[in-house]
Amino acid sequence: MPESDPTMPHSVRDAKPFAWAGLALSIPKEWETSQLDHGYALLEYQYRPVLELKTATIRGRFAFQRHLKQLARPNHKRPAPLLELTAWPPAWPVFPATAEVQTFSWQGAHIGGQGLLVYCHHCHRATLIQFFEHGDGGRDVIPRVLASFKDHDIQPAPTLAVYDIQATLPERFTLARFQFDAGCFEVVFGHSRETVTLWRWSPADVILERCAKKLTRVVQNNSLLPSAVLVEDGRPRDRGMEWQWQPMDYRSRLRHFLSKHTHPGHALRIWHRPDTNRILAVRAEGIETFQAFDRICASYGNL
């Protein structure tokens with residue numbers, strides 16, 4: 001979204017994508033995902049917070065002071081430090097005229113920070129971006145991160161890039177729900193009657209040992225397929241298996257009969273990544289085409 005500066009130093013090898021809740025950034029590869037929620041992300045480095053993102057779609061008129069107060073409200077019970085509005089830092093990239101932007105800084109007892117609130121008139125999204133300062137420098141990376149910020153039209157960058165996974169979905173899909181547990185990730189995207197679910201399990205060697213080294217056991221143990229489909233042999237894929245089937249309920253068959261178009265189908269693909277010791281799976285329900293499903297699977301992998 002900001003206008004790029006060709007003189008700004010940037011090393012692709014030192015960066016990795018981060019994408020969550022409709023936002024996309026390029027961040028230092030040492031930064032890790034710490035916390036995620038709907039419209040919220042906290043990144044850390046060596047177990048200390050370095051970047052916080054809060055975003056929300058604004059319905060109605062945007063009021064800077066009111067929405068800054070709402071988005072700056074901390075997620076804990078401690079009182080928020082007083083924000084001081086500041087002039088635009090010369091080293092920071094310039095945002096386009098379609099955005100309203102205001103920078104700020106704050107100082108707590110042991111930690112400080114600086115950031116900005118940006119409202120995009122194109123997508124009607126307000127985003128609070130704040131960088132934490134621990135008294136050890138680190139400001140040099142801020143212009144690079146801000147220059148990569150996008151709050152719409154993020155493709156061809158990944159739709160999802162958190163922890164150690166990334167995937168690119170068609171832009172019509174939005175985040176519906178998620179759960180990140182030790183050893184198992186589940187992220188669900190939806191659009192109308194279409195649903196795409198991504199899974200990631202680790203460590204794969206331990207899981208496969210418990211499942212007689214069969215991915216079908218992983219599918220069965222996690223109830224990834226309807227029982228009527230599970231009894232059928234899946235089609236072998238590279239290091240994995242795939243199932244494709246049509247909805248079996250009466251209403252789906254009736255819509256299929258009345259429709260002039262090919263009825264959306266369901267599919268599941270699961271595969272093993274020995275190089276990262278992970279098991280990945282994608283399930284699509286009501287997907288428009290199996291080609292779209294195949295593209296999602298091809299994009300899904302480890303960071």
# chains A, B, ... in the order shown; residues from 1 in each chain; ligands from 1
call {"tool": "residues_around", "arguments": {"residues": "region 204-217 of chain A", "least_positions_apart": "4", "cutoff": "12 Å", "atoms": "only C-alpha atoms", "output": "ChimeraX atom specification"}}
result
/A:183-184,200,221-225,229-237,239-243,268-281
call {"tool": "select_by_dssp", "arguments": {"residues": "region 85-299 of chain A", "states": "strand (DSSP E or B)", "output": "number ranges by chain"}}
result
A: 85-86, 99-107, 112-120, 125-133, 150, 160-162, 165-167, 174-181, 184-191, 194-201, 235-237, 240-245, 265-273, 278-287
call {"tool": "select_by_dssp", "arguments": {"residues": "region 87-176 of chain A", "states": "alpha helix (DSSP H)", "output": "PyMOL selection string"}}
result
chain A and resi 142-147
call {"tool": "write_last_selection", "arguments": {"atoms": "N, CA and C atoms", "output": "PDB file, in the first residue's frame"}}
result
ATOM      1  N   ILE A 142      11.910  -0.775  10.576  1.00  0.00           N
ATOM      2  CA  ILE A 142      10.535  -0.270  10.468  1.00  0.00           C
ATOM      3  C   ILE A 142      10.195   0.200   9.052  1.00  0.00           C
ATOM      4  N   PRO A 143      11.028   1.039   8.391  1.00  0.00           N
ATOM      5  CA  PRO A 143      10.663   1.467   7.037  1.00  0.00           C
ATOM      6  C   PRO A 143      10.477   0.303   6.059  1.00  0.00           C
ATOM      7  N   ARG A 144      11.305  -0.727   6.173  1.00  0.00           N
ATOM      8  CA  ARG A 144      11.171  -1.886   5.283  1.00  0.00           C
ATOM      9  C   ARG A 144       9.852  -2.593   5.500  1.00  0.00           C
ATOM     10  N   VAL A 145       9.479  -2.787   6.769  1.00  0.00           N
ATOM     11  CA  VAL A 145       8.231  -3.487   7.070  1.00  0.00           C
ATOM     12  C   VAL A 145       7.037  -2.666   6.594  1.00  0.00           C
ATOM     13  N   LEU A 146       7.032  -1.376   6.870  1.00  0.00           N
ATOM     14  CA  LEU A 146       5.917  -0.528   6.461  1.00  0.00           C
ATOM     15  C   LEU A 146       5.792  -0.452   4.941  1.00  0.00           C
ATOM     16  N   ALA A 147       6.923  -0.456   4.244  1.00  0.00           N
ATOM     17  CA  ALA A 147       6.882  -0.387   2.781  1.00  0.00           C
ATOM     18  C   ALA A 147       6.208  -1.600   2.172  1.00  0.00           C
TER      19      ALA A 147
END
call {"tool": "closest_residue", "arguments": {"among": "A:Arg193, A:Lys16, A:His266, A:Lys69", "to": "Pro158 (chain A)", "atoms": "only C-alpha atoms"}}
result
A:Lys16
call {"tool": "closest_residue", "arguments": {"among": "A:Glu186, A:Asp151, A:Asp164, A:Glu171", "to": "Leu25 (chain A)", "atoms": "only C-alpha atoms"}}
result
A:Asp151
call {"tool": "atom_distance", "arguments": {"atom1": "CA of Gly190 (chain A)", "atom2": "CA of Ser202 (chain A)"}}
result
25.0 Å
call {"tool": "decode", "arguments": {"residues": "region 93-128 of chain A", "atoms": "N, CA and C atoms", "output": "tab-separated table (two decimals), in the first residue's frame"}}
result
chain	number	residue	atom	x	y	z
A	93	PRO	N	8.14	5.23	4.70
A	93	PRO	CA	7.60	5.37	3.34
A	93	PRO	C	6.33	6.20	3.32
A	94	VAL	N	6.06	6.81	2.18
A	94	VAL	CA	4.88	7.65	2.01
A	94	VAL	C	3.69	6.78	1.61
A	95	PHE	N	2.56	6.97	2.28
A	95	PHE	CA	1.34	6.25	1.94
A	95	PHE	C	0.58	7.02	0.86
A	96	PRO	N	-0.23	6.33	0.05
A	96	PRO	CA	-0.95	7.01	-1.04
A	96	PRO	C	-2.02	7.95	-0.51
A	97	ALA	N	-2.52	8.79	-1.40
A	97	ALA	CA	-3.52	9.79	-1.02
A	97	ALA	C	-4.84	9.17	-0.61
A	98	THR	N	-5.08	7.90	-0.96
A	98	THR	CA	-6.33	7.24	-0.60
A	98	THR	C	-6.35	6.81	0.86
A	99	ALA	N	-5.26	7.06	1.59
A	99	ALA	CA	-5.17	6.64	2.98
A	99	ALA	C	-5.03	7.85	3.90
A	100	GLU	N	-5.72	7.78	5.03
A	100	GLU	CA	-5.50	8.74	6.12
A	100	GLU	C	-4.54	8.10	7.11
A	101	VAL	N	-3.46	8.80	7.44
A	101	VAL	CA	-2.43	8.22	8.28
A	101	VAL	C	-1.99	9.21	9.35
A	102	GLN	N	-1.78	8.71	10.56
A	102	GLN	CA	-1.25	9.53	11.65
A	102	GLN	C	-0.29	8.68	12.48
A	103	THR	N	0.89	9.21	12.74
A	103	THR	CA	1.87	8.49	13.54
A	103	THR	C	1.76	8.91	15.01
A	104	PHE	N	2.27	8.03	15.87
A	104	PHE	CA	2.23	8.28	17.31
A	104	PHE	C	3.40	7.56	17.98
A	105	SER	N	3.64	7.89	19.21
A	105	SER	CA	4.64	7.20	20.03
A	105	SER	C	4.11	7.11	21.45
A	106	TRP	N	4.70	6.24	22.24
A	106	TRP	CA	4.33	6.09	23.64
A	106	TRP	C	5.50	5.54	24.43
A	107	GLN	N	5.50	5.78	25.73
A	107	GLN	CA	6.58	5.31	26.58
A	107	GLN	C	6.02	4.78	27.89
A	108	GLY	N	6.32	3.52	28.17
A	108	GLY	CA	5.92	2.92	29.43
A	108	GLY	C	7.09	2.88	30.40
A	109	ALA	N	6.93	2.15	31.49
A	109	ALA	CA	7.97	2.09	32.51
A	109	ALA	C	9.21	1.36	32.01
A	110	HIS	N	9.01	0.30	31.23
A	110	HIS	CA	10.15	-0.51	30.79
A	110	HIS	C	10.19	-0.71	29.28
A	111	ILE	N	9.21	-0.22	28.58
A	111	ILE	CA	9.14	-0.45	27.14
A	111	ILE	C	8.42	0.73	26.49
A	112	GLY	N	8.81	1.07	25.29
A	112	GLY	CA	8.16	2.12	24.55
A	112	GLY	C	7.76	1.63	23.18
A	113	GLY	N	7.26	2.55	22.38
A	113	GLY	CA	6.85	2.14	21.05
A	113	GLY	C	6.49	3.32	20.18
A	114	GLN	N	6.40	3.04	18.90
A	114	GLN	CA	5.92	4.03	17.95
A	114	GLN	C	5.16	3.29	16.86
A	115	GLY	N	4.25	4.00	16.24
A	115	GLY	CA	3.44	3.34	15.23
A	115	GLY	C	2.58	4.32	14.48
A	116	LEU	N	1.54	3.78	13.88
A	116	LEU	CA	0.64	4.62	13.09
A	116	LEU	C	-0.73	3.98	13.01
A	117	LEU	N	-1.71	4.82	12.76
A	117	LEU	CA	-3.05	4.37	12.43
A	117	LEU	C	-3.31	4.76	10.99
A	118	VAL	N	-3.68	3.78	10.16
A	118	VAL	CA	-3.93	4.05	8.75
A	118	VAL	C	-5.35	3.62	8.41
A	119	TYR	N	-6.08	4.52	7.75
A	119	TYR	CA	-7.43	4.21	7.28
A	119	TYR	C	-7.44	4.30	5.76
A	120	CYS	N	-7.84	3.21	5.12
A	120	CYS	CA	-7.87	3.15	3.66
A	120	CYS	C	-9.28	3.42	3.16
A	121	HIS	N	-9.43	4.46	2.36
A	121	HIS	CA	-10.74	4.81	1.81
A	121	HIS	C	-11.19	3.79	0.75
A	122	HIS	N	-10.26	3.00	0.22
A	122	HIS	CA	-10.60	2.02	-0.80
A	122	HIS	C	-11.29	0.80	-0.19
A	123	CYS	N	-10.72	0.27	0.88
A	123	CYS	CA	-11.29	-0.94	1.49
A	123	CYS	C	-11.99	-0.66	2.81
A	124	HIS	N	-12.00	0.61	3.26
A	124	HIS	CA	-12.69	1.02	4.49
A	124	HIS	C	-12.19	0.24	5.70
A	125	ARG	N	-10.90	0.01	5.72
A	125	ARG	CA	-10.28	-0.71	6.83
A	125	ARG	C	-9.34	0.22	7.60
A	126	ALA	N	-9.46	0.19	8.92
A	126	ALA	CA	-8.54	0.92	9.79
A	126	ALA	C	-7.58	-0.07	10.44
A	127	THR	N	-6.29	0.24	10.41
A	127	THR	CA	-5.29	-0.67	10.95
A	127	THR	C	-4.33	0.09	11.85
A	128	LEU	N	-4.15	-0.42	13.04
A	128	LEU	CA	-3.17	0.11	13.98
A	128	LEU	C	-1.90	-0.74	13.87
